[in-house]
Every structure is written in structure tokens, then in C-alpha cells.
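Everything on this sheet refers to the single structure shown next.
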2 protein chains.
Amino acid sequence: MSLWQNYLDAHEARFTAELLEFLRIPSISALPEHAPDVQRAAEWVAARVAAAGLEHVAILPTGGHPVVYADWLHAPGKPTVLIYGHFDVQPVDPVELWSHPPFEPHIEADRVYARGASDDKGNMLVPILALESLLKSVGRLPVNVKLFFEGQEEIGSPQIGAFLPQHRDRFACDLVLSADGGQFSETEPIILVGLRGLCGLQIDVKAAAIDLHSGMYGGMVMNPIHALVMLLASMRANDGVITVAGFYDQVRPLSAADRAKLAAVPFEPDALKQELQVPALFGEAGFSPLEASWARPTLEVNGIWGGFQDAGTKTVLPSEAHAKLTCRLVADQDPNAVVELLRAHIERHSPPGVTVSVTMLDAHAYPYLAPDDFIGNQVAREVLRELYGREPYEVRSGGSIPVCTLFAQHLGAYTASFGFGLTDERIHSPDEFFRLASFRKGQTAYCRLLERLGV
Amino acid sequence: MSLWQNYLDAHEARFTAELLEFLRIPSISALPEHAPDVQRAAEWVAARVAAAGLEHVAILPTGGHPVVYADWLHAPGKPTVLIYGHFDVQPVDPVELWSHPPFEPHIEADRVYARGASDDKGNMLVPILALESLLKSVGRLPVNVKLFFEGQEEIGSPQIGAFLPQHRDRFACDLVLSADGGQFSETEPIILVGLRGLCGLQIDVKAAAIDLHSGMYGGMVMNPIHALVMLLASMRANDGVITVAGFYDQVRPLSAADRAKLAAVPFEPDALKQELQVPALFGEAGFSPLEASWARPTLEVNGIWGGFQDAGTKTVLPSEAHAKLTCRLVADQDPNAVVELLRAHIERHSPPGVTVSVTMLDAHAYPYLAPDDFIGNQVAREVLRELYGREPYEVRSGGSIPVCTLFAQHLGAYTASFGFGLTDERIHSPDEFFRLASFRKGQTAYCRLLERLGV
């Protein structure tokens, strides 16, 4: 057995106790009254990484919740790895649904229950412990390491977009390992290769200056709700294909290999239908549900409103109607370019008799797709294959992880998601928990990953 | 000069004083605290028609605000005429915009200002005074007369639909004259021949049991807003033509004569565009604005809602989306049949992945179209031609007057609208007024009309 594994095993009890200590800090980034707790969590992390043997530990101001930096850069000629995680947590409401107080961690059946146990304190402590075990047992790290632990992930990292380009040199690296992620199941590992981007806009349709009587004016003036319906119907065909000119032009086509990888991921339509209580699934014609939700762009109306919404009847032609819509984007779509395509489409299709205006929403993220030869994913795949005894599924996510696209954009580095959360761990919900088996397995996995990256 | 005209002239000052007395009663039917005032107005009317010489005066309970009945039935072999009006009024809010208190009538420049002056107390007092002048001067009426004055018109006559069929014999008549109406201008008279009917329904689209993350599920499940948009877009083409199968089947086509009559009514599109502040008018392709709004059916969404309506962005696939829509109908459409057509269309066009339900709204009225040979309109036309020195325009209304359709349905009698309000008299608004010139002209007009109907 390796020196570092002996160290991990020998200090298991202390590591667990440290996790509980970390979980006791109510570092809820969304609530201003908990800002001092987020700061306290940053200080705890800074002290902990210093104790692990990292250097140049710094709590960096961002204008909001801070970022904790540290490094160990004594492996000349070896790659520089940036490890990412976050020490802030979600709010705990509804607190009455928790079986135990959310910030009094409770261990039962090898699981630790607390807010942040899985997302992300348990997961982000894992690489720190791996680094300590390597440094304290082997005496050195196989690669250069930098840490980027933030305190604002759960509120959408509002300051990181401006912070990162100001610290390009400090965070310069060859690849990123994200400790904020998970695996498919206890026995099935994954490699995450792609994320969707995002853009959005609001459409405001204005007709007459005031609401009109539908008897007196119905048949003479355009109803802004119908105008909005016409516009929205013109943007997406009934088979789910988006009909905005140019929308798919920059979409990288799915290769046969891509489709084979997605087809290999277990997916049970009937179970999903039952879970969501929908009579059928629905997506872009010609693509499987996973293809359509992970690797194809969408256009979805997130909200619509206009006219009379109360009980009963009001025979009114409303003065205004509104919709908010967002598009999920895939490589190589540019969110700004897509907004311009939407704007041009809306202008071209605006019906007579109304005034249509378009406002860009703040939703904005570039899509992310790691190349097949990205070393971080290649090595992660090998380590996971060894640890789980099977090939990882190659998955994408339909959502956006802004920090991944920020690292790609500002540091030119791709991210290997290397976390050990599981989907049943109730992140963001009452009774969040983390498997201590994952906690231990993750430490081993990080040591192996860093060793292989240093070969 | 006729005896009755002498009588009208001789009692002009008293009649005006009586109008002011009538206007001082705050008979707001919409406000429960004014129910005693509505009752007081009924008693005032009952006493006034008794004083005029009418018989069998009765205040009839309806379950809501009462109906005042009276008759004079001593003209054997002559037609029986039912005269309609209402003694309730609209609320007065915003009361601070009134130049004088709304129930303290104020005369200025031959106009009386008060809530209900034009709609409908001034107009409904007119035939009472005409009846008195005939009875007190000539000693008899040229036709049999019954009165139907209600106290719930401004709240949509909720009890009249049940009340009228229970009193079919009492109100049996050959034709109705409605004192709740107006003329085109001080110099241009009208004959109202048609009203649109109404039906409505609410569409509720249900997708997943809860709101879903648009990143995780966008592309896999139907968005209920898009489903609703698809349904609504399927019901009305971009040129305003309704595409619900069978919708136009029962519509009586406009004859060349009908279109010529509508084309003769003054209509200024530019003035309307400016008034409503719309860049263009819009209506069913192939029809003029007056044709489309008076003599063609419509389908209008009165309200739509679903998902996120606040500031900012929420990347949600909502669980539900809703719309309320009403159709204005024309002869010979049946509101129940149209609702069934809409229901069948919605069922046929419901997209996959959602559950769509349809609820009929309480909006419900049959369309009304008086036949060309309706004696009431023929005689009204002659009287108006004489009084105004020009041919009346033959107009329709895009709205519904439920009581007209109820009289047609339950009494088999058409209604000649014979009122003298004008569109600038701010009915339902602050500073409502009625021209005393119209008050006088109306009395003369009613005497002549009744005389001609008795020929």
C-alpha cells in the first residue's frame, strides 16, 4: 500500500472530525446576515490548507464573498493543476423539515447529515486531505497545485466574472479539477465533458394605450397576446425544432461517436415520466432525450403574462403582453450572437398593429465542451475505471456551470469534474447528506489522479 | 302643435326638477351598501309611473335588485309595446376627478352633470314623461304599454335571465323599445340592428408536477407555455381568420346591402389609430374595421399567464400555463355550439407531453340581429328621419346587450333601441352628463313613435 494511503487511513477519524467542524459553520452566501459566517468559513479553509502544507495562502477580496488561494509550486516541468471548490452553502428553509438541525452535523449509517455535506464542503475537503496526505507522507506533490475555493457559488458567483481576469497570472494553470460534482451512482462513474450556455431576452408587446372593450374593439385592433403568440409560434415549430434563421448555424454537429457515448448512458424514459408526472417526454425532433437536453440548444419561454388573470371573465383586449425566454446553447454558439439572431427574427416577424420591444436578460453563459484529448478527462477516466472497475459514462449537463466557462475563457484551461456527490444526497433540500464512503474514496482518487497527472 | 307637445312644453321645468330628484338617489347596484338606494330608486320610479297614469304598478323581486313593472292596456287591437330602461348606476370612483359631487346634479350650459344622467336615468325618464303627456293631454295611449325598468343593468343583470322566463305572461309584448341607448351625434341618428353574442373558456395546460430546471430538463419535456402558444396559434391565423373547424359555419353572410349600410357609417381609421395610440388597425382579412368589429365573430385571448413574471431571469420550465379567451359571436352562431367546437379543436390540437383542460366561462350571450322588416326599427327610422332631417345610419354593436337577447329568447320580441345619449357624455366616468336638449327631443320622439306604432 502506498505511503499516502497509509496516511489517509491513519487519520480517517481526524478527517471526519474536521469535516464536522467545517459543516458547523453556517456559511449561507445568500443571506446577508450570514456574510460573517462565509468569511469565517474562508478563514477555516485558509487555516486548513496551510496546515495541509500549502503555501502562499491568501483570502482574496472580490467585492463580495472572498476566494481562498494557496499553492504548492515545487514540481518544475510538471503541469500546474488548479483545484476548484466552494465553501458557501444554500439556505436551509424549510428548516422544520430537517430531522436534525442543519448546522449540527449528524452521522448515521456511514452518512453525514448537514447543510453543505455533499454540496460542497464534503467534496471540497477531499482534495485538501489528499494534498496533505501526499505532502506529509511522500513529502512532495507530483504536480504543481493551486487552489481556488470560492464563497459565492450558491448565489451564481456574481463577482467571479470580474475577479478572475484581474488575477489571471495568479491562477494561470494547465487544467482545472473541480471538486464540485458527482458520479452517476455508487458503482457507476462519469466524465463530464460538456455544459450548455445560456442567453435570454424579454419580449414586450404594446398595443393600445389602455385596455379596450373586446366588444367595441375586437376585430379592429391587434390583441397583443395574439401578437405575442404569433411571435413565439414563429420561433419554435411544433416538433420542437427552433425556426429562428441561423440559430443552428454555429452548432457543432453530433458525431456518430458522440451519439454512441450518449446512448451508453443509462436513461429510463418511463421512470422519468413517472417522476415528473408527465404523459410523455418531448424534445427536438430527431434527437434522443439525452441528446436534446445535453447536446442540443433549446428555446424555452420561462414566463408569459398579459391581460386578465383572475377568476371569472373580463372581456378585455389588453394593452400589453410579455414573455421572458432563455436559450440553452451548445458549442460553438455565442450567446451574444444568438441574442442578435432572436432580435432580428422578432423584428422580421412582428405583426402589424403593435409595437414590439426586446430587452436582453442578464442570463449569459458560453457553452463548454472539453476536447476529446483533454488530459484532465483522460486521466480522470483511467483513475475512475480503476476505482470503480468499469468504464465511466461520458456525460454532458444541460445546465451551465459559469465557472467552467470562465476558466476556459480567462485561463485557457479546461476543467475535469472530479467530485463524488450522488444525486440522491438532497443537495439544496432538507436532510442533505454525504456518504463517508465517498469521502474516503475521493481522497484516494485525488491522490491517484495527481500522481498520474505528474507522470 | 299637438296636445302632448303643449303638455311637454308646459311642464318642462317640473320634468327637469324631477330628473334632478331622480339623480340624487345614489343607486349604485355594484356596491352592497347602496342596495337600499337601488330599492329607493325603484320606489321613486314606481311612484313616478303611477303619477304618470300607468296602472298595475309593481316592484317585483328578482332575488337581487328589483324590477319595476307597470302597464296601460286599453288599446284593444293595437300592438303591445314593452319599454325598457334601468335605474341603477355605475360606481363613481375615482370620485376626486368629479368637478361636482356625482349625486348633487349640476346644470350648466343646458347640460345636467351627475352619475346616471345619461346612463340611464335621463334616458329612462324620457318615455315616462312622454307617456304622462299623452295620458294627461290626449287622455289615452295609442298602443298598449308595459314597462320593464330594472336595477341591475350595470352589474350585468345577473338575476334577469332567471326572472324573465318566470314572468313571460306579464311581459308578453309585440316589440320592445329600449330607452338605454343613444344616437351617433347631435345631428346624426342611428338604428341599432345587431349585437354580438359571447362565449368563453379557460385553457389550463399542465406539464410536470413541479417547475423544472430549464438546463436539466429543457429538451426533454414539453414546456406548457409553448404547448399553450401552439394551441392558441392553431386557433387564429396570422391574418386574423379563425381556424377552428366549423367556426364560421353558422355565420350569416353579409349581403351586399348589409355591407353598403355599414360602409355608409362614418368611420375615420386615422382618428381611431391616434385615439388608441396604435400603429395600425388590424382585423379579420377581407373585412372592413366596422364589418369585422360589428358583424363578424372574433376570438380573443383576454388573459394569459404562466411561469416567471418578475424582474430578472428564472431559468424555469413552468409546471402550468393558462389562458382565458372569449369569442364575440354573430347571427346565427350559438354560444354553446361554439364552445363545443373550441373544445373539439383544443382536444384535436393538444400537443404531446402535457394535459390540457378546458373550462367554460360564465360569459354567455346569444347574438342578436333584428330582421329588416322589424316594425320597431321601421317606425323608429321614420321618426328619427323627421326629427333629424336625415336618414339614420344602420349600425350594429360589437358588444352584447344581454337583455335584448333575453327579450328575443323569452318573449319572442325584438328591441328597437330608442335612446338619446351621445358618446361624449362620459358614461361610467367622472363628470357624466346628459344634454337637456336630448331630454326634450327624446320626449317628443317617444310621443311620435308611440303614435305611429298605433296607426
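Residue numbering restarts at 1 for every chain of the C-alpha cells, chains are lettered A, B, ... in their displayed order, and ligands are numbered from 1 as they appear.
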Inset, instruction - Would you mind writing down, as an MDAnalysis selection string, each residue of range 204-447 of chain A that DSSP on the backbone assigns to helix (DSSP H, G or I)? - result: chainID A and resid 214:217 224:235 256:263 269:276 289:294 335:349 375:388 402:411 436:447
Inset, instruction - Within 6 Å of chain A, which residues of chain B are there when counting only C-alpha atoms? Please give them as an NGL selection string. - result: :B and (207-209 or 215-216 or 218-222 or 229 or 276-283 or 289 or 292-293 or 302-309 or 316-317 or 353 or 398-399)
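Remark: chain A fitted onto chain B over every Cα atom in order; resulting RMSD 0.1 Å.
When CA of Asp93 in chain B is paired with CA of Ala35 in chain B, their separation reads 17.3 Å.
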Inset, instruction - Would you list, as number ranges by chain, the residues of range 77-321 of chain B that end up in strand (DSSP E or B) under DSSP run on this structure's backbone? - result: B: 80-86, 89, 106-108, 111-113, 144-150, 175-178, 182, 190-195, 197-206, 212-213, 218, 221, 236, 242, 298-307, 316-317, 320-321
Inset, instruction - Find the residues around Leu19 in chain A up to 12 Å (only C-alpha atoms counted), leave out those fewer than 5 positions away in its own chain, and share them as a ChimeraX atom specification. - result: /A:12-14,24-25,41,44-45,48,87,103-107,111-118,120-126,128-129,434,436,439-440
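Closest approach to Leu411 in chain A among A:Ser137, A:Thr359, A:Asn6, A:Thr80: A:Thr80, based on only C-alpha atoms.
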Inset, instruction - Find the residue from A:Phe420, A:Phe247, A:Tyr368, A:Phe15 that sits nearest to His345 in chain A; use only C-alpha atoms when measuring. - result: A:Phe247
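The residue set within 10 Å of Phe407 in chain A, counting only C-alpha atoms and dropping same-chain residues fewer than 5 places from it, reads Leu82, Gly161, Leu164, Pro165, Arg168, Phe171, Ala172, Cys173, Leu175, Val176, Pro402, Gly412, Ala413, Tyr414 and Thr415 of chain A.
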Inset, instruction - Could you check how far CA of Ile242 in chain B sits from CA of Ala256 in chain B, in Å to one decimal? - result: 22.5 Å
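If you measure from each of B:Ile28, B:Val395, B:Ala42, B:Ile155 to Ala264 in chain B using only C-alpha atoms, the closest one turns out to be B:Val395.
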Legend entry - Shortest interatomic distance to Val379 in chain B - which of B:Gly454, B:Gly139, B:Gly182, B:Pro335, counting only C-alpha atoms: B:Gly454
